[in-house]
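Take a look at the structure below.
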Amino acid sequence: MVDQVHGQSMSIKRSIDEAYLIAERDGFALLDIDIDESRLKSTLDDGSCGAFVCFEGRVRNHNNASSVNRLTYYGYEELALNQGRAIIEEAKKRFEITHAIAIHRIGALEIGDVAIWVGVVSAHRYPAFDACRWILDTIKADIPVWKQEYYQDDSTKWLSNNG
Amino acid sequence: MVDQVHGQSMSIKRSIDEAYLIAERDGFALLDIDIDESRLKSTLDDGSCGAFVCFEGRVRNHNNASSVNRLTYYGYEELALNQGRAIIEEAKKRFEITHAIAIHRIGALEIGDVAIWVGVVSAHRYPAFDACRWILDTIKADIPVWKQEYYQDDSTKWLSNNG
Amino acid sequence: MSTLLESNTNTDIDNNISTMMDITVLYFASLADEAHCHEEKITVPQSTSLTGLYEQLRQKHRFSRPQSELRVAVNDYFAKWTDEINHGDSVVFITPVAGG
Amino acid sequence: MSTLLESNTNTDIDNNISTMMDITVLYFASLADEAHCHEEKITVPQSTSLTGLYEQLRQKHRFSRPQSELRVAVNDYFAKWTDEINHGDSVVFITPVAGG
């Protein structure tokens with residue numbers, strides 16, 4: 001039942017290499033396996049940049065009062081890629097940054113797994129901090145990814161970032 | 001001449017392992033070789049933390065209008081360790097974070113080398129961003145590390161973070 | 001699908017085959033749970049609005065969320081609820097997201 | 001060192017051996033350039049203040065920076081300029097830092 005109605009949104013339609021190429025070109029992609037941070041970082045290397053800020057969002061072992069065993073992220077890949085490209089474009093207009101890359105993972109994740117990675121490089125430090133936070137907030141608000149948490153009593157719940 | 005008066009402040013007095021142990025225990029250390037980011041990150045792993053923010057300060061190929069070939073950082077290690085420990089303690093009081101680690105490298109660095117690394121983990125994302133930026137700013141303001149830039153015409157200059 | 005068509009015959013005067021649109025609707029998250037499917041193809045009158053489309057599907061699948069809690073995407077881009085739908089469009093109703 | 005002592009004989013009444021302090025001074029960055037050394041050991045009268053110590057060394061080494069631009073550390077901790085110095089202390093004058 002879960003696989004019937006959600007199976008398509010638990011994995012990406014592209015190859016892993018293609019996802020990284022899109023991330024490098026457009027600044028955003030979805031991925032359905034472990035995020036390779038060093039691969040993303042290497043695309044941000046730039047001698048003119050003195051500052052690199054990154055954010056990793058990891059699966060926590062609790063959410064509010066509940067103990068989380070694992071969770072699954074589901075994504076609407078085509079809209080996510082279009083919206084992600086727009087977010088990174090907008091970030092480059094708003095902040096004095098050189099480049100930014102973000103990847104959101106979908107599928108079943110365990111505690112400690114990285115669900116989202118955002119990296120920004122800039123000449124100076126404050127724009128990198130500001131842009132990284134803004135990109136993260138905007139991804140959380142606008143990228144069509146949904147999260148279902150599985151608790152110790154086998155119950156599940158659809159989460160929402162906006163209350 | 002440079003080695004006579006500055007040689008002692010271009011390298012640390014401790015072993016590399018000891019420096020990492022101090023960083024893990026006190027949250028701050030100086031290092032005189034490449035900073036091993038994955039080693040620092042591994043000490044920050046915590047299932048209760050959903051957010052990891054890190055900053056890397058890299059040597060840029062320019063500063064204002066001048067083209068920088070390389071630079072050297074000099075440190076007063078004992079004061080740096082005492083002050084760094086106090087900064088991390090203060091950060092943990094000021095922000096809702098679980099742990100923070102920072103390392104500043106000293107010695108001769110090339111373009112692109114990481115001079116400073118700051119990593120913070122917390123349950124939620126904003127305190128990690130805020131603490132990472134505050135720790136970085138406070139290190140830049142208070143840690144006794146000095147920087148000499150070498151330009152293409154062989155001239156050198158002592159830099160200052162405060163104008 | 002036939003129920004959808006029938007429910008619109010009273011409001012659409014030119015309800016003949018030339019004014020119908022084929023639309024693909026994708027469901028994600030709780031809407032997929034309630035619709036019991038990820039995708040459905042439906043045929044609706046050409047004048048159907050995005051809000052009208054959601055109301056029809058809400059009645060059909062007994063969706064618990066009112067339209068006011070949703071966003072809508074057409075052809076893989078976010079759209080305004082007042083945007084027109086065209087034949088062949090793909091429409092997705094977006095429940096509150098939870099990435100990051 | 002003898003010049004330093006002589007320059008203080010007029011201001012220090014109890015200037016005998018029991019009231020002298022041995023101090024280690026470390027130099028970093030531009031101060032090390034100007035002092036042509038990383039470390040020196042000096043003996044000063046017990047009543048010597050941190051500001052007085054810096055003025056003596058500034059005259060000796062012709063340091064270009066006034067004390068107002070510096071911070072001071074005693075025994076590897078930042079200190080206030082009004083803190084006392086004791087026999088055996090290590091003193092470091094800190095020019096503006098440039099880490100990060």
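Labels used: A, B, ... for chains in the order of the structure tokens, numbers from 1 for residues in each chain, and numbers from 1 for ligands as shown.
Running DSSP on the backbone and keeping only strand (DSSP E), the residues of region 12-81 of chain A that qualify are Phe28, Ala29, Leu30, Leu31, Ala51, Phe52, Val53, Cys54, Phe55, Glu56, Gly57, Arg58, His62, Asn63, Ser66, Ser67, Val68, Asn69, Arg70, Leu71, Thr72, Tyr73, Tyr74 and Gly75 of chain A.
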When you look at Lys147 (chain A) with a cut-off of 12 Å (counting only C-alpha atoms), what residues show up, excluding the ones that are within fewer than 5 positions of it in the same chain? I need them as number ranges by chain. A: 6, 9-10, 59, 70-75, 104-109, 115, 140, 156-161; C: 28-30, 95-100
Since we have the selection now, will you write its residues out, keeping N, CA, C and O atoms, as a CSV table (one decimal), in the first residue's frame?
chain,number,residue,atom,x,y,z
A,6,HIS,N,3.2,5.7,-2.7
A,6,HIS,CA,4.3,6.6,-2.4
A,6,HIS,C,5.6,6.1,-3.0
A,6,HIS,O,6.6,6.8,-3.0
A,9,SER,N,7.7,8.4,-5.2
A,9,SER,CA,8.2,9.6,-4.6
A,9,SER,C,9.3,9.3,-3.6
A,9,SER,O,9.8,10.2,-2.9
A,10,MET,N,9.7,8.1,-3.5
A,10,MET,CA,10.8,7.7,-2.5
A,10,MET,C,12.1,7.6,-3.2
A,10,MET,O,13.1,7.3,-2.6
A,59,VAL,N,18.9,13.3,10.7
A,59,VAL,CA,17.7,12.8,11.3
A,59,VAL,C,18.0,12.6,12.8
A,59,VAL,O,18.9,12.0,13.3
A,70,ARG,N,12.9,5.9,12.8
A,70,ARG,CA,13.4,6.2,11.5
A,70,ARG,C,12.3,7.1,10.8
A,70,ARG,O,11.3,7.3,11.4
A,71,LEU,N,12.7,7.6,9.6
A,71,LEU,CA,11.7,8.3,8.9
A,71,LEU,C,11.9,8.2,7.4
A,71,LEU,O,12.9,7.8,7.0
A,72,THR,N,10.9,8.6,6.7
A,72,THR,CA,11.0,8.5,5.2
A,72,THR,C,10.6,9.9,4.7
A,72,THR,O,9.7,10.5,5.1
A,73,TYR,N,11.5,10.3,3.7
A,73,TYR,CA,11.2,11.6,3.0
A,73,TYR,C,10.7,11.2,1.6
A,73,TYR,O,11.2,10.2,1.0
A,74,TYR,N,9.6,11.9,1.2
A,74,TYR,CA,9.1,11.7,-0.2
A,74,TYR,C,9.2,13.0,-0.9
A,74,TYR,O,9.0,14.1,-0.4
A,75,GLY,N,9.5,12.9,-2.2
A,75,GLY,CA,9.7,14.2,-3.0
A,75,GLY,C,9.0,14.2,-4.3
A,75,GLY,O,8.8,13.1,-4.9
A,104,HIS,N,18.8,17.6,-1.3
A,104,HIS,CA,17.9,17.0,-0.3
A,104,HIS,C,17.8,15.5,-0.6
A,104,HIS,O,17.6,15.1,-1.8
A,105,ARG,N,17.9,14.7,0.4
A,105,ARG,CA,17.7,13.3,0.2
A,105,ARG,C,16.3,12.9,0.4
A,105,ARG,O,15.6,13.4,1.3
A,106,ILE,N,15.9,11.8,-0.3
A,106,ILE,CA,14.5,11.3,-0.1
A,106,ILE,C,14.7,9.7,0.1
A,106,ILE,O,15.8,9.2,-0.2
A,107,GLY,N,13.6,9.1,0.5
A,107,GLY,CA,13.6,7.7,0.8
A,107,GLY,C,13.7,7.4,2.3
A,107,GLY,O,13.5,8.4,3.1
A,108,ALA,N,14.0,6.2,2.7
A,108,ALA,CA,14.0,5.8,4.1
A,108,ALA,C,15.4,6.2,4.7
A,108,ALA,O,16.4,5.9,4.2
A,109,LEU,N,15.4,7.0,5.8
A,109,LEU,CA,16.6,7.4,6.5
A,109,LEU,C,16.6,6.9,7.9
A,109,LEU,O,15.6,6.7,8.5
A,115,ALA,N,19.8,14.4,5.9
A,115,ALA,CA,18.7,14.6,5.0
A,115,ALA,C,18.9,15.7,4.0
A,115,ALA,O,18.3,15.7,2.9
A,140,LYS,N,13.1,24.6,3.2
A,140,LYS,CA,12.2,24.0,4.1
A,140,LYS,C,10.7,24.5,3.8
A,140,LYS,O,9.8,23.8,4.1
A,156,THR,N,2.7,6.2,12.8
A,156,THR,CA,3.4,7.1,11.9
A,156,THR,C,2.7,8.4,11.8
A,156,THR,O,1.6,8.5,12.2
A,157,LYS,N,3.4,9.4,11.3
A,157,LYS,CA,2.8,10.7,11.3
A,157,LYS,C,3.4,11.5,10.1
A,157,LYS,O,4.6,11.5,9.9
A,158,TRP,N,2.5,12.2,9.3
A,158,TRP,CA,3.0,13.2,8.4
A,158,TRP,C,3.4,14.5,9.1
A,158,TRP,O,2.6,15.0,9.8
A,159,LEU,N,4.6,14.9,8.9
A,159,LEU,CA,5.1,16.2,9.5
A,159,LEU,C,4.8,17.4,8.6
A,159,LEU,O,4.6,17.2,7.4
A,160,SER,N,4.8,18.5,9.2
A,160,SER,CA,4.7,19.8,8.5
A,160,SER,C,5.7,20.8,9.1
A,160,SER,O,5.8,20.9,10.3
A,161,ASN,N,6.4,21.5,8.2
A,161,ASN,CA,7.3,22.6,8.7
A,161,ASN,C,6.6,23.8,9.2
A,161,ASN,O,7.2,24.7,9.8
C,28,PHE,N,0.7,13.3,-3.6
C,28,PHE,CA,1.9,13.0,-2.7
C,28,PHE,C,1.4,13.1,-1.3
C,28,PHE,O,0.4,13.7,-1.0
C,29,ALA,N,2.1,12.4,-0.5
C,29,ALA,CA,2.0,12.5,1.0
C,29,ALA,C,0.5,12.1,1.4
C,29,ALA,O,0.0,11.1,0.9
C,30,SER,N,-0.1,12.9,2.3
C,30,SER,CA,-1.4,12.5,2.8
C,30,SER,C,-2.5,12.4,1.7
C,30,SER,O,-3.4,11.6,1.8
C,95,THR,N,0.4,19.6,-0.3
C,95,THR,CA,0.1,19.8,1.1
C,95,THR,C,1.3,20.4,1.8
C,95,THR,O,2.4,20.4,1.2
C,96,PRO,N,1.2,21.0,3.0
C,96,PRO,CA,2.3,21.6,3.6
C,96,PRO,C,3.6,20.7,3.6
C,96,PRO,O,3.5,19.5,4.0
C,97,VAL,N,4.7,21.3,3.2
C,97,VAL,CA,5.9,20.5,3.0
C,97,VAL,C,6.6,20.4,4.3
C,97,VAL,O,6.4,21.0,5.3
C,98,ALA,N,7.6,19.4,4.3
C,98,ALA,CA,8.3,19.1,5.5
C,98,ALA,C,9.7,18.7,5.3
C,98,ALA,O,10.3,17.8,5.9
C,99,GLY,N,10.4,19.4,4.3
C,99,GLY,CA,11.8,19.0,4.0
C,99,GLY,C,12.7,19.6,5.1
C,99,GLY,O,12.3,20.3,6.0
C,100,GLY,N,14.0,19.2,4.9
C,100,GLY,CA,15.0,19.7,5.8
C,100,GLY,C,15.2,18.9,7.1
C,100,GLY,O,14.4,18.0,7.3
What's around Ala23 (chain A) at 7 Å? Count only C-alpha atoms, leave out sequence neighbours fewer than 4 positions away in its own chain, and write the answer as a PyMOL selection string. chain A and resi 19+27-29+101-102
Closest atom pairs, chain C residues within 12 Å of chain A, only C-alpha atoms, as JSON lines:
{"residue": "C:Leu26", "atom": "CA", "partner": "A:Tyr76", "partner_atom": "CA", "distance": 9.2}
{"residue": "C:Tyr27", "atom": "CA", "partner": "A:Val5", "partner_atom": "CA", "distance": 8.0}
{"residue": "C:Phe28", "atom": "CA", "partner": "A:His6", "partner_atom": "CA", "distance": 6.9}
{"residue": "C:Ala29", "atom": "CA", "partner": "A:Trp146", "partner_atom": "CA", "distance": 6.4}
{"residue": "C:Ser30", "atom": "CA", "partner": "A:Trp158", "partner_atom": "CA", "distance": 7.1}
{"residue": "C:Leu31", "atom": "CA", "partner": "A:Val5", "partner_atom": "CA", "distance": 9.5}
{"residue": "C:Ala32", "atom": "CA", "partner": "A:Val5", "partner_atom": "CA", "distance": 5.8}
{"residue": "C:Asp33", "atom": "CA", "partner": "A:Val5", "partner_atom": "CA", "distance": 6.8}
{"residue": "C:Glu34", "atom": "CA", "partner": "A:Val5", "partner_atom": "CA", "distance": 9.6}
{"residue": "C:Ala35", "atom": "CA", "partner": "A:Val5", "partner_atom": "CA", "distance": 8.6}
{"residue": "C:His36", "atom": "CA", "partner": "A:Val5", "partner_atom": "CA", "distance": 6.2}
{"residue": "C:Cys37", "atom": "CA", "partner": "A:Val5", "partner_atom": "CA", "distance": 4.7}
{"residue": "C:His38", "atom": "CA", "partner": "A:Val5", "partner_atom": "CA", "distance": 4.7}
{"residue": "C:Glu39", "atom": "CA", "partner": "A:Val5", "partner_atom": "CA", "distance": 8.3}
{"residue": "C:Glu40", "atom": "CA", "partner": "A:Val5", "partner_atom": "CA", "distance": 11.2}
{"residue": "C:Glu69", "atom": "CA", "partner": "A:Asn162", "partner_atom": "CA", "distance": 10.6}
{"residue": "C:Leu70", "atom": "CA", "partner": "A:Pro144", "partner_atom": "CA", "distance": 11.6}
{"residue": "C:Arg71", "atom": "CA", "partner": "A:Asp142", "partner_atom": "CA", "distance": 9.9}
{"residue": "C:Val72", "atom": "CA", "partner": "A:Leu79", "partner_atom": "CA", "distance": 10.7}
{"residue": "C:Ala73", "atom": "CA", "partner": "A:Leu79", "partner_atom": "CA", "distance": 7.7}
{"residue": "C:Val74", "atom": "CA", "partner": "A:Leu79", "partner_atom": "CA", "distance": 9.2}
{"residue": "C:Asn75", "atom": "CA", "partner": "A:Leu79", "partner_atom": "CA", "distance": 8.2}
{"residue": "C:Asp76", "atom": "CA", "partner": "A:Leu79", "partner_atom": "CA", "distance": 4.4}
{"residue": "C:Tyr77", "atom": "CA", "partner": "A:Leu79", "partner_atom": "CA", "distance": 5.6}
{"residue": "C:Phe78", "atom": "CA", "partner": "A:Leu79", "partner_atom": "CA", "distance": 7.5}
{"residue": "C:Ala79", "atom": "CA", "partner": "A:Leu79", "partner_atom": "CA", "distance": 10.9}
{"residue": "C:Ser90", "atom": "CA", "partner": "A:Leu79", "partner_atom": "CA", "distance": 11.2}
{"residue": "C:Val91", "atom": "CA", "partner": "A:Leu79", "partner_atom": "CA", "distance": 11.0}
{"residue": "C:Val92", "atom": "CA", "partner": "A:Tyr76", "partner_atom": "CA", "distance": 9.3}
{"residue": "C:Phe93", "atom": "CA", "partner": "A:Pro144", "partner_atom": "CA", "distance": 10.3}
{"residue": "C:Ile94", "atom": "CA", "partner": "A:Pro144", "partner_atom": "CA", "distance": 7.2}
{"residue": "C:Thr95", "atom": "CA", "partner": "A:Pro144", "partner_atom": "CA", "distance": 8.5}
{"residue": "C:Pro96", "atom": "CA", "partner": "A:Ser160", "partner_atom": "CA", "distance": 5.7}
{"residue": "C:Val97", "atom": "CA", "partner": "A:Trp146", "partner_atom": "CA", "distance": 5.3}
{"residue": "C:Ala98", "atom": "CA", "partner": "A:Ser160", "partner_atom": "CA", "distance": 4.6}
{"residue": "C:Gly99", "atom": "CA", "partner": "A:Val145", "partner_atom": "CA", "distance": 4.9}
{"residue": "C:Gly100", "atom": "CA", "partner": "A:Lys140", "partner_atom": "CA", "distance": 5.4}
Counting only C-alpha atoms, chain A residues within 7 Å of chain B, as a PyMOL selection string: chain A and resi 47-62+111-112
Length of the CA of Asn86 (chain C) to CA of Asp22 (chain C) vector [Å]: 8.3 Å
Residues of chain D in helix (DSSP H, G or I) according to DSSP, as an NGL selection string? :D and (2-6 or 17-19 or 29-35 or 50-61 or 67-69)
